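Asks: Compact mmCIF, C-alpha atoms, file final_10.txt:
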```txt
# COMPACT_ATOMS: atom_id res chain seq x y z
CA MET A 561 300.24 -80.31 341.06
CA SER A 562 297.11 -80.25 338.87
CA THR A 563 297.62 -81.51 335.34
CA SER A 564 295.20 -81.97 332.49
CA PRO A 565 294.02 -85.55 332.06
CA PRO A 566 296.27 -87.65 329.84
CA ALA A 567 294.98 -89.84 327.00
CA LEU A 568 292.38 -92.46 327.91
CA LEU A 569 294.69 -95.47 328.07
CA ASP A 570 297.20 -93.47 330.10
CA MET A 571 294.46 -92.63 332.59
CA LEU A 572 293.55 -96.30 332.85
CA THR A 573 297.19 -97.25 333.32
CA GLN A 574 297.66 -94.80 336.17
CA LEU A 575 294.41 -95.76 337.93
CA ILE A 576 295.19 -99.48 337.83
CA ALA A 577 298.75 -98.85 339.06
CA ARG A 578 297.53 -97.40 342.36
CA PRO A 579 296.36 -100.06 344.86
CA SER A 580 293.11 -99.18 346.62
CA MET A 581 291.86 -102.43 348.10
CA SER A 582 289.24 -102.47 350.82
CA SER A 583 288.64 -105.48 353.00
CA VAL A 584 287.12 -106.40 356.35
CA SER A 585 290.52 -108.02 357.03
CA PRO A 586 293.07 -105.35 358.06
CA ALA A 587 295.85 -107.39 356.45
CA PHE A 588 294.44 -106.65 353.00
CA ASP A 589 292.91 -103.22 353.54
CA THR A 590 294.60 -100.19 351.96
CA SER A 591 293.88 -96.49 351.50
CA ASN A 592 292.23 -95.12 348.35
CA ARG A 593 293.78 -91.66 348.72
CA GLU A 594 296.23 -92.01 345.81
CA VAL A 595 293.34 -92.71 343.42
CA ILE A 596 291.30 -89.82 344.83
CA GLU A 597 294.25 -87.41 344.53
CA LEU A 598 294.90 -88.53 340.96
CA LEU A 599 291.28 -87.87 339.98
CA ALA A 600 291.39 -84.48 341.68
CA ALA A 601 294.56 -83.55 339.78
CA TRP A 602 292.89 -84.37 336.47
CA LEU A 603 289.52 -82.76 337.18
CA GLU A 604 290.61 -79.39 338.54
CA PRO A 605 292.23 -78.18 335.26
CA MET A 606 289.01 -79.15 333.45
CA GLY A 607 287.12 -76.55 335.50
CA PHE A 608 285.60 -78.88 338.07
CA GLU A 609 285.23 -77.64 341.62
CA VAL A 610 286.84 -80.51 343.51
CA GLU A 611 286.28 -81.52 347.14
CA VAL A 612 288.27 -84.31 348.81
CA LEU A 613 286.31 -85.49 351.85
CA PRO A 614 288.03 -87.83 354.35
CA LEU A 615 285.71 -90.46 355.79
CA PRO A 616 284.73 -89.67 359.40
CA SER A 617 285.07 -93.37 360.23
CA GLN A 618 288.38 -93.86 358.38
CA PRO A 619 290.26 -90.57 357.83
CA HIS A 620 292.98 -92.30 355.78
CA LYS A 621 290.32 -92.89 353.11
CA ALA A 622 288.27 -90.30 351.24
CA ASN A 623 285.39 -89.55 348.91
CA LEU A 624 285.59 -87.02 346.09
CA ILE A 625 282.88 -84.71 344.77
CA ALA A 626 283.81 -82.83 341.59
CA THR A 627 281.27 -80.38 340.14
CA LEU A 628 281.24 -78.69 336.74
CA GLY A 629 278.65 -75.96 336.29
CA LYS A 630 276.06 -74.42 338.58
CA GLY A 631 272.38 -74.65 339.34
CA SER A 632 269.91 -77.28 340.39
CA GLY A 633 269.17 -80.68 338.90
CA GLY A 634 271.92 -82.18 336.80
CA LEU A 635 273.62 -85.53 336.59
CA VAL A 636 275.94 -87.49 338.91
CA LEU A 637 278.35 -90.02 337.42
CA SER A 638 279.25 -92.21 340.37
CA GLY A 639 281.63 -95.03 341.16
CA HIS A 640 283.73 -96.58 343.89
CA THR A 641 287.50 -96.25 343.86
CA ASP A 642 288.24 -99.39 345.87
CA THR A 643 288.78 -102.92 344.61
CA VAL A 644 288.66 -106.26 346.37
CA PRO A 645 291.98 -107.89 347.33
CA TYR A 646 293.59 -110.23 344.82
CA ASP A 647 294.83 -113.83 344.97
CA GLU A 648 298.48 -113.42 344.08
CA GLY A 649 299.03 -117.00 343.02
CA ASP A 650 296.00 -117.05 340.73
CA TRP A 651 296.88 -114.03 338.56
CA SER A 652 298.94 -114.76 335.45
CA LEU A 653 299.55 -111.01 335.00
CA ASP A 654 300.59 -108.16 337.27
CA PRO A 655 297.27 -106.94 338.76
CA PHE A 656 298.64 -103.39 339.02
CA LYS A 657 299.90 -103.12 335.44
CA LEU A 658 297.40 -102.47 332.66
CA THR A 659 298.04 -105.20 330.08
CA GLU A 660 296.47 -105.34 326.62
CA ARG A 661 295.96 -108.81 325.14
CA HIS A 662 293.39 -110.35 322.80
CA GLN A 663 291.39 -107.10 322.54
CA ARG A 664 291.12 -106.92 326.32
CA LEU A 665 292.61 -104.73 329.04
CA TYR A 666 293.67 -106.71 332.12
CA GLY A 667 294.24 -105.38 335.63
CA LEU A 668 292.69 -105.22 339.10
CA GLY A 669 289.72 -102.86 338.85
CA THR A 670 289.44 -102.76 335.07
CA ALA A 671 285.84 -104.03 335.20
CA ASP A 672 284.98 -103.29 338.83
CA MET A 673 285.28 -100.35 338.41
CA LYS A 674 288.18 -97.94 337.97
CA SER A 675 287.76 -97.84 334.18
CA PHE A 676 284.49 -95.97 334.60
CA PHE A 677 286.30 -92.93 336.02
CA ALA A 678 288.64 -92.66 333.04
CA LEU A 679 285.74 -93.06 330.63
CA ALA A 680 283.62 -90.49 332.48
CA ILE A 681 286.49 -87.98 332.39
CA GLU A 682 287.01 -88.70 328.68
CA ALA A 683 283.33 -87.98 328.06
CA ALA A 684 283.47 -84.80 330.15
CA ARG A 685 286.43 -83.37 328.17
CA HIS A 686 283.98 -82.13 325.54
CA PHE A 687 282.09 -79.85 327.92
CA ARG A 688 282.87 -76.59 329.71
CA ALA A 689 281.01 -75.08 332.62
CA GLY A 690 279.50 -72.45 330.33
CA ASP A 691 278.00 -75.18 328.14
CA LEU A 692 275.91 -76.56 330.99
CA ASN A 693 272.48 -75.50 332.17
CA ALA A 694 272.62 -78.00 335.05
CA PRO A 695 275.69 -79.32 336.86
CA LEU A 696 277.71 -82.40 335.96
CA ILE A 697 279.04 -84.09 339.10
CA LEU A 698 281.61 -86.85 339.33
CA LEU A 699 281.36 -88.79 342.60
CA ALA A 700 284.13 -91.17 343.68
CA THR A 701 283.62 -93.15 346.89
CA ALA A 702 285.63 -95.34 349.24
CA ASP A 703 284.98 -98.77 350.74
CA GLU A 704 282.08 -100.00 348.60
CA GLU A 705 283.59 -103.49 348.62
CA SER A 706 283.62 -103.75 352.40
CA SER A 707 281.88 -101.33 354.78
CA MET A 708 279.96 -99.00 352.42
CA ASP A 709 281.35 -96.25 354.66
CA GLY A 710 281.91 -93.99 351.65
CA ALA A 711 278.27 -94.14 350.56
CA LYS A 712 277.07 -93.72 354.15
CA ALA A 713 279.24 -90.62 354.55
CA ILE A 714 277.73 -89.12 351.40
CA VAL A 715 274.20 -89.71 352.72
CA GLU A 716 275.15 -88.17 356.08
CA LEU A 717 276.64 -85.17 354.28
CA GLY A 718 273.51 -84.78 352.16
CA ARG A 719 275.56 -84.11 349.04
CA PRO A 720 275.92 -84.16 346.14
CA LYS A 721 272.48 -83.04 345.12
CA ALA A 722 271.25 -83.75 341.60
CA ARG A 723 268.15 -84.94 339.79
CA TYR A 724 269.69 -88.03 338.19
CA ALA A 725 272.58 -90.41 338.83
CA VAL A 726 274.42 -93.16 336.97
CA VAL A 727 276.43 -95.69 338.95
CA GLY A 728 278.99 -97.12 336.53
CA GLU A 729 279.17 -100.69 337.84
CA PRO A 730 279.84 -103.34 335.15
CA THR A 731 276.53 -104.14 333.45
CA GLY A 732 277.74 -104.73 329.89
CA LEU A 733 276.24 -101.31 329.03
CA ARG A 734 272.74 -102.56 329.76
CA PRO A 735 270.73 -100.30 332.10
CA VAL A 736 269.69 -101.66 335.51
CA ARG A 737 266.97 -100.00 337.57
CA SER A 738 266.48 -102.54 340.38
CA HIS A 739 268.56 -104.82 342.53
CA LYS A 740 268.13 -106.88 345.65
CA GLY A 741 269.47 -105.89 349.05
CA ILE A 742 271.47 -107.95 351.51
CA ILE A 743 271.78 -108.65 355.21
CA MET A 744 274.05 -111.18 356.89
CA GLU A 745 273.21 -112.28 360.41
CA ALA A 746 275.01 -114.38 363.01
CA ILE A 747 272.66 -116.43 365.20
CA ARG A 748 274.28 -117.78 368.36
CA ILE A 749 272.68 -120.16 370.84
CA SER A 750 274.23 -120.82 374.23
CA GLY A 751 273.23 -123.79 376.35
CA LEU A 752 275.06 -125.88 378.91
CA SER A 753 277.72 -128.47 378.16
CA GLY A 754 277.93 -131.75 380.03
CA HIS A 755 278.67 -135.46 379.72
CA SER A 756 276.80 -136.96 376.80
CA SER A 757 275.87 -140.08 378.80
CA ASP A 758 273.25 -138.11 380.71
CA PRO A 759 271.27 -135.43 378.78
CA SER A 760 270.00 -133.97 382.04
CA LEU A 761 273.50 -132.73 382.83
CA GLY A 762 273.34 -130.07 380.11
CA ASN A 763 271.20 -128.18 377.62
CA ASN A 764 272.12 -128.89 374.01
CA ALA A 765 272.60 -125.74 371.93
CA MET A 766 272.84 -127.75 368.73
CA GLU A 767 269.41 -129.24 369.28
CA GLY A 768 268.10 -125.73 369.82
CA MET A 769 269.76 -124.65 366.57
CA HIS A 770 267.98 -127.51 364.81
CA LYS A 771 264.67 -125.92 365.82
CA VAL A 772 265.94 -122.47 364.81
CA MET A 773 266.95 -123.71 361.36
CA GLY A 774 263.51 -125.20 360.85
CA GLU A 775 261.91 -121.88 361.78
CA ILE A 776 264.25 -119.95 359.46
CA LEU A 777 263.39 -122.23 356.53
CA ALA A 778 259.68 -121.83 357.30
CA PHE A 779 260.21 -118.05 357.34
CA ARG A 780 261.94 -118.28 353.96
CA ASP A 781 258.98 -120.21 352.54
CA GLU A 782 256.58 -117.53 353.77
CA LEU A 783 258.68 -114.71 352.33
CA GLN A 784 258.88 -116.41 348.95
CA ALA A 785 255.14 -117.09 348.95
CA THR A 786 254.27 -113.44 349.60
CA HIS A 787 257.01 -111.53 347.70
CA HIS A 788 257.53 -111.95 343.98
CA ASN A 789 259.07 -109.68 341.34
CA PRO A 790 259.23 -111.04 337.77
CA LEU A 791 261.85 -108.43 336.81
CA PHE A 792 264.47 -110.57 338.57
CA GLN A 793 265.94 -113.81 337.22
CA VAL A 794 265.35 -115.27 340.69
CA PRO A 795 262.01 -113.53 341.31
CA VAL A 796 261.77 -114.16 345.07
CA PRO A 797 263.85 -113.16 348.09
CA THR A 798 266.53 -115.72 348.90
CA LEU A 799 267.77 -116.87 352.29
CA ASN A 800 270.88 -119.01 352.55
CA LEU A 801 272.15 -121.02 355.51
CA GLY A 802 275.83 -120.38 354.86
CA HIS A 803 277.94 -121.36 357.88
CA ILE A 804 277.43 -123.34 361.08
CA HIS A 805 279.68 -124.37 363.92
CA GLY A 806 278.88 -125.91 367.27
CA GLY A 807 280.29 -128.13 369.96
CA ASP A 808 283.75 -129.59 370.27
CA ASN A 809 283.48 -133.35 370.81
CA PRO A 810 280.93 -136.14 370.24
CA ASN A 811 280.86 -137.09 373.92
CA ARG A 812 280.05 -133.59 375.19
CA ILE A 813 276.66 -131.95 375.15
CA CYS A 814 276.98 -128.97 372.81
CA GLY A 815 277.20 -125.76 374.82
CA HIS A 816 277.37 -123.26 371.96
CA CYS A 817 276.25 -123.25 368.34
CA GLU A 818 276.43 -120.45 365.77
CA LEU A 819 274.77 -120.12 362.36
CA HIS A 820 275.40 -117.44 359.71
CA ILE A 821 272.68 -116.60 357.19
CA ASP A 822 272.47 -114.41 354.07
CA LEU A 823 269.10 -112.84 353.18
CA ARG A 824 268.59 -110.94 349.90
CA PRO A 825 265.31 -109.02 349.93
CA LEU A 826 263.43 -107.62 346.97
CA PRO A 827 262.70 -103.90 346.55
CA GLY A 828 260.01 -102.85 348.99
CA MET A 829 261.28 -105.09 351.80
CA GLY A 830 262.88 -103.21 354.72
CA LEU A 831 266.10 -104.46 356.28
CA GLN A 832 265.23 -103.50 359.85
CA GLU A 833 261.76 -105.00 359.57
CA LEU A 834 263.26 -108.29 358.39
CA ARG A 835 265.75 -108.32 361.26
CA GLU A 836 262.95 -107.71 363.76
CA MET A 837 260.85 -110.50 362.27
CA ILE A 838 263.75 -112.95 362.52
CA SER A 839 264.44 -111.94 366.12
CA GLN A 840 260.82 -112.28 367.22
CA ARG A 841 260.28 -115.64 365.51
CA LEU A 842 263.45 -117.21 366.86
CA ALA A 843 262.85 -115.94 370.37
CA HIS A 844 259.39 -117.52 370.26
CA THR A 845 260.85 -120.78 368.92
CA LEU A 846 263.24 -121.08 371.89
CA ASP A 847 260.80 -119.78 374.50
CA GLY A 848 260.93 -121.98 377.60
CA SER A 849 263.96 -123.96 376.39
CA GLY A 850 266.44 -122.36 378.78
CA LEU A 851 268.72 -121.59 375.84
CA LYS A 852 270.16 -118.12 375.32
CA LEU A 853 269.70 -116.51 371.88
CA GLU A 854 271.93 -113.78 370.44
CA ILE A 855 271.59 -112.30 366.95
CA ASN A 856 274.26 -109.97 365.58
CA SER A 857 274.53 -108.36 362.17
CA LEU A 858 277.73 -109.35 360.36
CA ILE A 859 277.36 -106.30 358.08
CA ASP A 860 275.17 -103.20 358.23
CA GLY A 861 273.48 -104.43 355.07
CA THR A 862 272.59 -102.74 351.82
CA PRO A 863 268.96 -101.96 351.02
CA PRO A 864 267.33 -103.01 347.76
CA MET A 865 267.21 -100.48 344.94
CA HIS A 866 264.32 -99.58 342.70
CA THR A 867 263.90 -96.73 340.23
CA ASP A 868 260.58 -96.26 338.48
CA ALA A 869 260.40 -97.56 334.92
CA HIS A 870 258.99 -94.19 333.79
CA SER A 871 261.89 -92.15 335.13
CA GLU A 872 263.47 -89.98 332.47
CA ILE A 873 266.94 -91.40 333.20
CA VAL A 874 265.62 -94.95 332.71
CA LYS A 875 263.85 -94.10 329.47
CA MET A 876 266.85 -92.22 328.08
CA ALA A 877 269.25 -95.05 328.96
CA GLU A 878 266.94 -97.56 327.27
CA LYS A 879 266.79 -95.40 324.16
CA LEU A 880 270.55 -94.90 323.97
CA THR A 881 271.49 -98.53 324.64
CA GLY A 882 268.64 -100.27 322.84
CA HIS A 883 268.00 -102.44 325.92
CA ASP A 884 265.14 -102.50 328.41
CA ALA A 885 266.20 -101.74 331.96
CA GLU A 886 266.85 -104.89 333.96
CA ALA A 887 267.14 -106.12 337.55
CA VAL A 888 270.21 -107.79 339.06
CA ALA A 889 271.04 -109.72 342.22
CA PHE A 890 274.28 -107.91 343.15
CA CYS A 891 274.31 -104.81 345.36
CA THR A 892 275.57 -101.30 344.57
CA GLU A 893 275.64 -97.81 346.03
CA GLY A 894 272.52 -96.98 344.00
CA PRO A 895 270.02 -97.16 346.87
CA TYR A 896 272.06 -94.65 348.87
CA LEU A 897 271.83 -92.15 346.00
CA ASN A 898 268.12 -92.88 345.56
CA SER A 899 267.63 -92.17 349.27
CA MET A 900 269.05 -88.67 348.65
CA GLY A 901 266.35 -87.93 346.06
CA MET A 902 268.24 -88.86 342.90
CA GLU A 903 266.67 -91.08 340.26
CA THR A 904 269.41 -93.63 339.80
CA ILE A 905 270.38 -96.32 337.31
CA ILE A 906 273.28 -98.76 337.24
CA LEU A 907 275.03 -98.63 333.86
CA GLY A 908 278.65 -99.24 333.04
CA PRO A 909 281.22 -101.04 330.91
CA GLY A 910 282.52 -104.54 331.52
CA HIS A 911 280.69 -107.55 332.88
CA ILE A 912 279.92 -108.52 336.47
CA ASP A 913 281.25 -112.05 335.90
CA GLN A 914 284.72 -110.48 335.60
CA ALA A 915 284.42 -108.74 338.97
CA HIS A 916 286.44 -110.22 341.85
CA GLN A 917 288.15 -112.69 339.49
CA PRO A 918 291.85 -113.38 338.79
CA ASP A 919 292.97 -111.79 335.51
CA GLU A 920 290.07 -109.34 335.62
CA PHE A 921 289.56 -107.57 332.30
CA ILE A 922 287.43 -105.19 330.27
CA GLY A 923 286.97 -105.55 326.52
CA LEU A 924 288.38 -102.83 324.32
CA ASP A 925 285.06 -102.84 322.48
CA GLN A 926 283.42 -101.41 325.63
CA LEU A 927 285.47 -98.22 325.76
CA HIS A 928 284.27 -96.04 322.87
CA PRO A 929 280.56 -96.95 323.30
CA THR A 930 280.79 -96.00 326.99
CA VAL A 931 282.29 -92.60 326.21
CA GLU A 932 279.61 -91.91 323.60
CA LEU A 933 276.85 -93.05 325.93
CA LEU A 934 278.07 -90.81 328.75
CA ARG A 935 278.45 -87.84 326.39
CA ASN A 936 274.84 -88.27 325.32
CA LEU A 937 273.64 -88.48 328.91
CA ILE A 938 275.59 -85.32 329.83
CA GLN A 939 274.16 -83.56 326.78
CA ARG A 940 270.61 -84.54 327.72
CA PHE A 941 270.64 -83.90 331.46
CA CYS A 942 273.21 -81.10 331.81
CA VAL A 943 273.13 -79.17 328.52
CA GLN A 944 269.52 -79.57 327.39
CA ALA A 945 268.18 -79.44 330.98
```
Can you turn what I pasted into structure tokens?
Replies:
Amino acid sequence: MSTSPPALLDMLTQLIARPSMSSVSPAFDTSNREVIELLAAWLEPMGFEVEVLPLPSQPHKANLIATLGKGSGGLVLSGHTDTVPYDEGDWSLDPFKLTERHQRLYGLGTADMKSFFALAIEAARHFRAGDLNAPLILLATADEESSMDGAKAIVELGRPKARYAVVGEPTGLRPVRSHKGIIMEAIRISGLSGHSSDPSLGNNAMEGMHKVMGEILAFRDELQATHHNPLFQVPVPTLNLGHIHGGDNPNRICGHCELHIDLRPLPGMGLQELREMISQRLAHTLDGSGLKLEINSLIDGTPPMHTDAHSEIVKMAEKLTGHDAEAVAFCTEGPYLNSMGMETIILGPGHIDQAHQPDEFIGLDQLHPTVELLRNLIQRFCVQA
């Protein structure tokens, strides 16, 4: 049954109480449908046209698009409904019970990022469809913390459509207009095992991986020499050798070796182009060695995001917050919204250093400023549009 939204802290309490973890490990993965249904029940009595859209890839999970008002343009307030799993032994509080202590609200998803939905609804209470000259849209997605399937489904759907978007990830209420992307690749070399007393009996995959690692580090040096963006704290693309495993015993020639890498490109660098460059360079490195090379993507990857400094949403956010728009290293759903023609910023309450941590919290001092900020953005881009 649809009911009007309760008071702000009651909304937060109910959102935190509903588990919605996403994980690449099925043991920790849960549905987000209870959160989506709760949001729908609050938004419909406010006059929003609400659509609950099951994910084609995971029908037990869903996105939500809620629209107030008609017309073109307008503003999307966007967030993901899922959280990461939690380490039960590391939490001193119940992760699914909103707890107030020391001017903070504790609970799984308080910072990253269920609180944003309650604050966006609180800001939207002050508007009716007849007040708006352009639509206000609340977008709630699934699986941002794992597959990005929610964001991909929105892009495939081609909706919502708006001129501007705010993704309410925790930025300490400082606007962000750029972030790096990410790909993770598994590089596997297969050779031939044999007795270590005679190298001619095999073909050592680990020795081949040694050459591959040298080529990857040379590739990193070239990328960092040719790509630089001073907006970022680390102004160059990074490439990390994160995991390696090969062989099984010192007296056997290594037959298989696998390396996992993490590459975080700057805006303007294409994910597929980078993958092709890695594949071509490594194939050339092992040419004639007799070793077999396989490269598989561990994740689909998230592209970098960049919104022009002169965009009206950037300038308005800077004016309202008193902070210049920044760049961050973490990824969001922002580039997916940008790809749909929306000028997008990342701007929300809480701090990223609280995300994915035991005893996650948001400061009480973030709540009222967020509501006021969102009201002003709605006024500017939906009422004054």
Asks: Kindly indicate which residue among A:Gln917, A:Gln944, A:Thr904, A:Ser857 lies nearest to A:Thr643, using all atoms listed in the file for the distances.
Replies: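 Using all atoms listed in the file, A:Thr643 sits closest to A:Gln917.
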Asks: Have a look at atom CA of A:Ser580 and atom CA of A:Met673 and let me know their distance in Å, one decimal.
Replies: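 Interatomic distance, atom CA of A:Ser580 to atom CA of A:Met673: 11.4 Å.
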Asks: Write out as a ChimeraX atom specification which residues come within 9 Å of stretch 777-781 of chain A when counting only C-alpha atoms, dropping same-chain ones fewer than 5 positions away.
Replies: /A:772,786,797-799,801,838,841
Asks: Store the residues of this selection in a file with C-alpha atoms, as a PDB file, keeping the file's coordinate frame.
Replies:
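Resulting contents of out03.pdb:
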```
ATOM      1  CA  VAL A 772     265.940-122.470 364.810  1.00  0.00           C
ATOM      2  CA  THR A 786     254.270-113.440 349.600  1.00  0.00           C
ATOM      3  CA  PRO A 797     263.850-113.160 348.090  1.00  0.00           C
ATOM      4  CA  THR A 798     266.530-115.720 348.900  1.00  0.00           C
ATOM      5  CA  LEU A 799     267.770-116.870 352.290  1.00  0.00           C
ATOM      6  CA  LEU A 801     272.150-121.020 355.510  1.00  0.00           C
ATOM      7  CA  ILE A 838     263.750-112.950 362.520  1.00  0.00           C
ATOM      8  CA  ARG A 841     260.280-115.640 365.510  1.00  0.00           C
TER       9      ARG A 841
END
```
Asks: From the list A:Ile821, A:Val874, A:Ala671, A:Val644, which residue is nearest A:Glu705 when using only C-alpha atoms?
Replies: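 Selected residue with least distance to A:Glu705: A:Val644.
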Asks: Given all atoms listed in the file as the basis, pick out the residue of A:Thr930, A:Ser652, A:Gln832, A:Ser738 nearest to A:Ala869.
Replies: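 So, comparing all the options, the nearest one is A:Ser738.
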Asks: State, in Å with one decimal place, the distance from atom CA of A:Leu880 to atom CA of A:Val931.
Replies: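 Taking atom CA of A:Leu880 and atom CA of A:Val931, their separation equals 12.2 Å.
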Asks: Go through A:Glu893, A:Glu597, A:Glu604, A:Glu682 one by one, measure the shortest atom-to-atom distance of each to A:His928 using all atoms listed in the file, and give the residue with the smallest value.
Replies: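 Ranking A:Glu893, A:Glu597, A:Glu604, A:Glu682 by distance to A:His928, first place goes to A:Glu682.
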Asks: Counting all atoms listed in the file, I want the residues whose atoms come within 12 Å of (263.5, -119.8, 378.0) in the file frame, returned as a list of chain:residue names.
Replies: A:Ile749, A:Ser750, A:Gly751, A:Asn763, A:Gly768, A:Leu842, A:Ala843, A:His844, A:Thr845, A:Leu846, A:Asp847, A:Gly848, A:Ser849, A:Gly850, A:Leu851, A:Lys852, A:Leu853
Asks: Take the residues from that selection and write them out as an mmCIF file, in the frame of the given file, keeping C-alpha atoms.
Replies:
```cif
data_model
loop_
_atom_site.group_PDB
_atom_site.id
_atom_site.type_symbol
_atom_site.label_atom_id
_atom_site.label_comp_id
_atom_site.auth_asym_id
_atom_site.auth_seq_id
_atom_site.Cartn_x
_atom_site.Cartn_y
_atom_site.Cartn_z
ATOM 1 C CA ILE A 749 272.680 -120.160 370.840
ATOM 2 C CA SER A 750 274.230 -120.820 374.230
ATOM 3 C CA GLY A 751 273.230 -123.790 376.350
ATOM 4 C CA ASN A 763 271.200 -128.180 377.620
ATOM 5 C CA GLY A 768 268.100 -125.730 369.820
ATOM 6 C CA LEU A 842 263.450 -117.210 366.860
ATOM 7 C CA ALA A 843 262.850 -115.940 370.370
ATOM 8 C CA HIS A 844 259.390 -117.520 370.260
ATOM 9 C CA THR A 845 260.850 -120.780 368.920
ATOM 10 C CA LEU A 846 263.240 -121.080 371.890
ATOM 11 C CA ASP A 847 260.800 -119.780 374.500
ATOM 12 C CA GLY A 848 260.930 -121.980 377.600
ATOM 13 C CA SER A 849 263.960 -123.960 376.390
ATOM 14 C CA GLY A 850 266.440 -122.360 378.780
ATOM 15 C CA LEU A 851 268.720 -121.590 375.840
ATOM 16 C CA LYS A 852 270.160 -118.120 375.320
ATOM 17 C CA LEU A 853 269.700 -116.510 371.880
#
```
Asks: Closest to A:Lys657 among A:Pro790, A:Gly908, A:Pro586, A:Pro579, using only C-alpha atoms?
Replies: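 Of A:Pro790, A:Gly908, A:Pro586, A:Pro579, the one nearest A:Lys657, counting only C-alpha atoms, is A:Pro579.
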Asks: Find the residues near A:Gly754: any atom within 10 Å, counting all atoms listed in the file, skip ones fewer than 4 places away on the same chain, and give them as a ChimeraX atom specification.
Replies: /A:758-764,811-815
Asks: Quick one, how far is atom CA of A:Leu717 from atom CA of A:Glu704?
Replies: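 Separating atom CA of A:Leu717 from atom CA of A:Glu704 is a distance of 16.8 Å.
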Asks: Here is a test: counting all atoms listed in the file, which residue of A:Leu783, A:Met766, A:Ala887, A:Met571 is nearest to A:Arg737?
Replies: A:Ala887
Asks: Set the distance at 8 Å and use only C-alpha atoms: which residues neighbour stretch 621-637 of chain A once local chain neighbours fewer than 6 positions away are removed? I'd like the list as a ChimeraX atom specification.
Replies: /A:591-593,596,600,603,607-615,680,688-690,692-702,710,720-728,938,941-942,945
Asks: With C-alpha atoms retained, export the selected residues as a PDB file, keeping the file's coordinate frame.
Replies:
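again.pdb was written with the following content:
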```pdb
ATOM      1  CA  SER A 591     293.880 -96.490 351.500  1.00  0.00           C
ATOM      2  CA  ASN A 592     292.230 -95.120 348.350  1.00  0.00           C
ATOM      3  CA  ARG A 593     293.780 -91.660 348.720  1.00  0.00           C
ATOM      4  CA  ILE A 596     291.300 -89.820 344.830  1.00  0.00           C
ATOM      5  CA  ALA A 600     291.390 -84.480 341.680  1.00  0.00           C
ATOM      6  CA  LEU A 603     289.520 -82.760 337.180  1.00  0.00           C
ATOM      7  CA  GLY A 607     287.120 -76.550 335.500  1.00  0.00           C
ATOM      8  CA  PHE A 608     285.600 -78.880 338.070  1.00  0.00           C
ATOM      9  CA  GLU A 609     285.230 -77.640 341.620  1.00  0.00           C
ATOM     10  CA  VAL A 610     286.840 -80.510 343.510  1.00  0.00           C
ATOM     11  CA  GLU A 611     286.280 -81.520 347.140  1.00  0.00           C
ATOM     12  CA  VAL A 612     288.270 -84.310 348.810  1.00  0.00           C
ATOM     13  CA  LEU A 613     286.310 -85.490 351.850  1.00  0.00           C
ATOM     14  CA  PRO A 614     288.030 -87.830 354.350  1.00  0.00           C
ATOM     15  CA  LEU A 615     285.710 -90.460 355.790  1.00  0.00           C
ATOM     16  CA  ALA A 680     283.620 -90.490 332.480  1.00  0.00           C
ATOM     17  CA  ARG A 688     282.870 -76.590 329.710  1.00  0.00           C
ATOM     18  CA  ALA A 689     281.010 -75.080 332.620  1.00  0.00           C
ATOM     19  CA  GLY A 690     279.500 -72.450 330.330  1.00  0.00           C
ATOM     20  CA  LEU A 692     275.910 -76.560 330.990  1.00  0.00           C
ATOM     21  CA  ASN A 693     272.480 -75.500 332.170  1.00  0.00           C
ATOM     22  CA  ALA A 694     272.620 -78.000 335.050  1.00  0.00           C
ATOM     23  CA  PRO A 695     275.690 -79.320 336.860  1.00  0.00           C
ATOM     24  CA  LEU A 696     277.710 -82.400 335.960  1.00  0.00           C
ATOM     25  CA  ILE A 697     279.040 -84.090 339.100  1.00  0.00           C
ATOM     26  CA  LEU A 698     281.610 -86.850 339.330  1.00  0.00           C
ATOM     27  CA  LEU A 699     281.360 -88.790 342.600  1.00  0.00           C
ATOM     28  CA  ALA A 700     284.130 -91.170 343.680  1.00  0.00           C
ATOM     29  CA  THR A 701     283.620 -93.150 346.890  1.00  0.00           C
ATOM     30  CA  ALA A 702     285.630 -95.340 349.240  1.00  0.00           C
ATOM     31  CA  GLY A 710     281.910 -93.990 351.650  1.00  0.00           C
ATOM     32  CA  PRO A 720     275.920 -84.160 346.140  1.00  0.00           C
ATOM     33  CA  LYS A 721     272.480 -83.040 345.120  1.00  0.00           C
ATOM     34  CA  ALA A 722     271.250 -83.750 341.600  1.00  0.00           C
ATOM     35  CA  ARG A 723     268.150 -84.940 339.790  1.00  0.00           C
ATOM     36  CA  TYR A 724     269.690 -88.030 338.190  1.00  0.00           C
ATOM     37  CA  ALA A 725     272.580 -90.410 338.830  1.00  0.00           C
ATOM     38  CA  VAL A 726     274.420 -93.160 336.970  1.00  0.00           C
ATOM     39  CA  VAL A 727     276.430 -95.690 338.950  1.00  0.00           C
ATOM     40  CA  GLY A 728     278.990 -97.120 336.530  1.00  0.00           C
ATOM     41  CA  ILE A 938     275.590 -85.320 329.830  1.00  0.00           C
ATOM     42  CA  PHE A 941     270.640 -83.900 331.460  1.00  0.00           C
ATOM     43  CA  CYS A 942     273.210 -81.100 331.810  1.00  0.00           C
ATOM     44  CA  ALA A 945     268.180 -79.440 330.980  1.00  0.00           C
TER      45      ALA A 945
END
```
Asks: I want to know what sits within 9 Å of stretch 730-732 of chain A, based on only C-alpha atoms, with residues of the same chain fewer than 3 positions away left out; could you give that as a list in words?
Replies: Ala671, Asp672, Met673, Phe676, Pro735, Val736, Ile906, Leu907, Gly908, Pro909, Gly910, His911, Ile912, Asp913, Gln914, Ala915 and Gln926 of chain A
Asks: Around stretch 856-866 of chain A, fit a box with edges along x, y and z, padding it by 3 Å on each side, then list its centre and edge lengths in Å to one decimal as AutoDock Vina command-line options.
Replies:
```
--center_x 271.0 --center_y -104.8 --center_z 354.1 --size_x 19.4 --size_y 16.4 --size_z 28.9
```
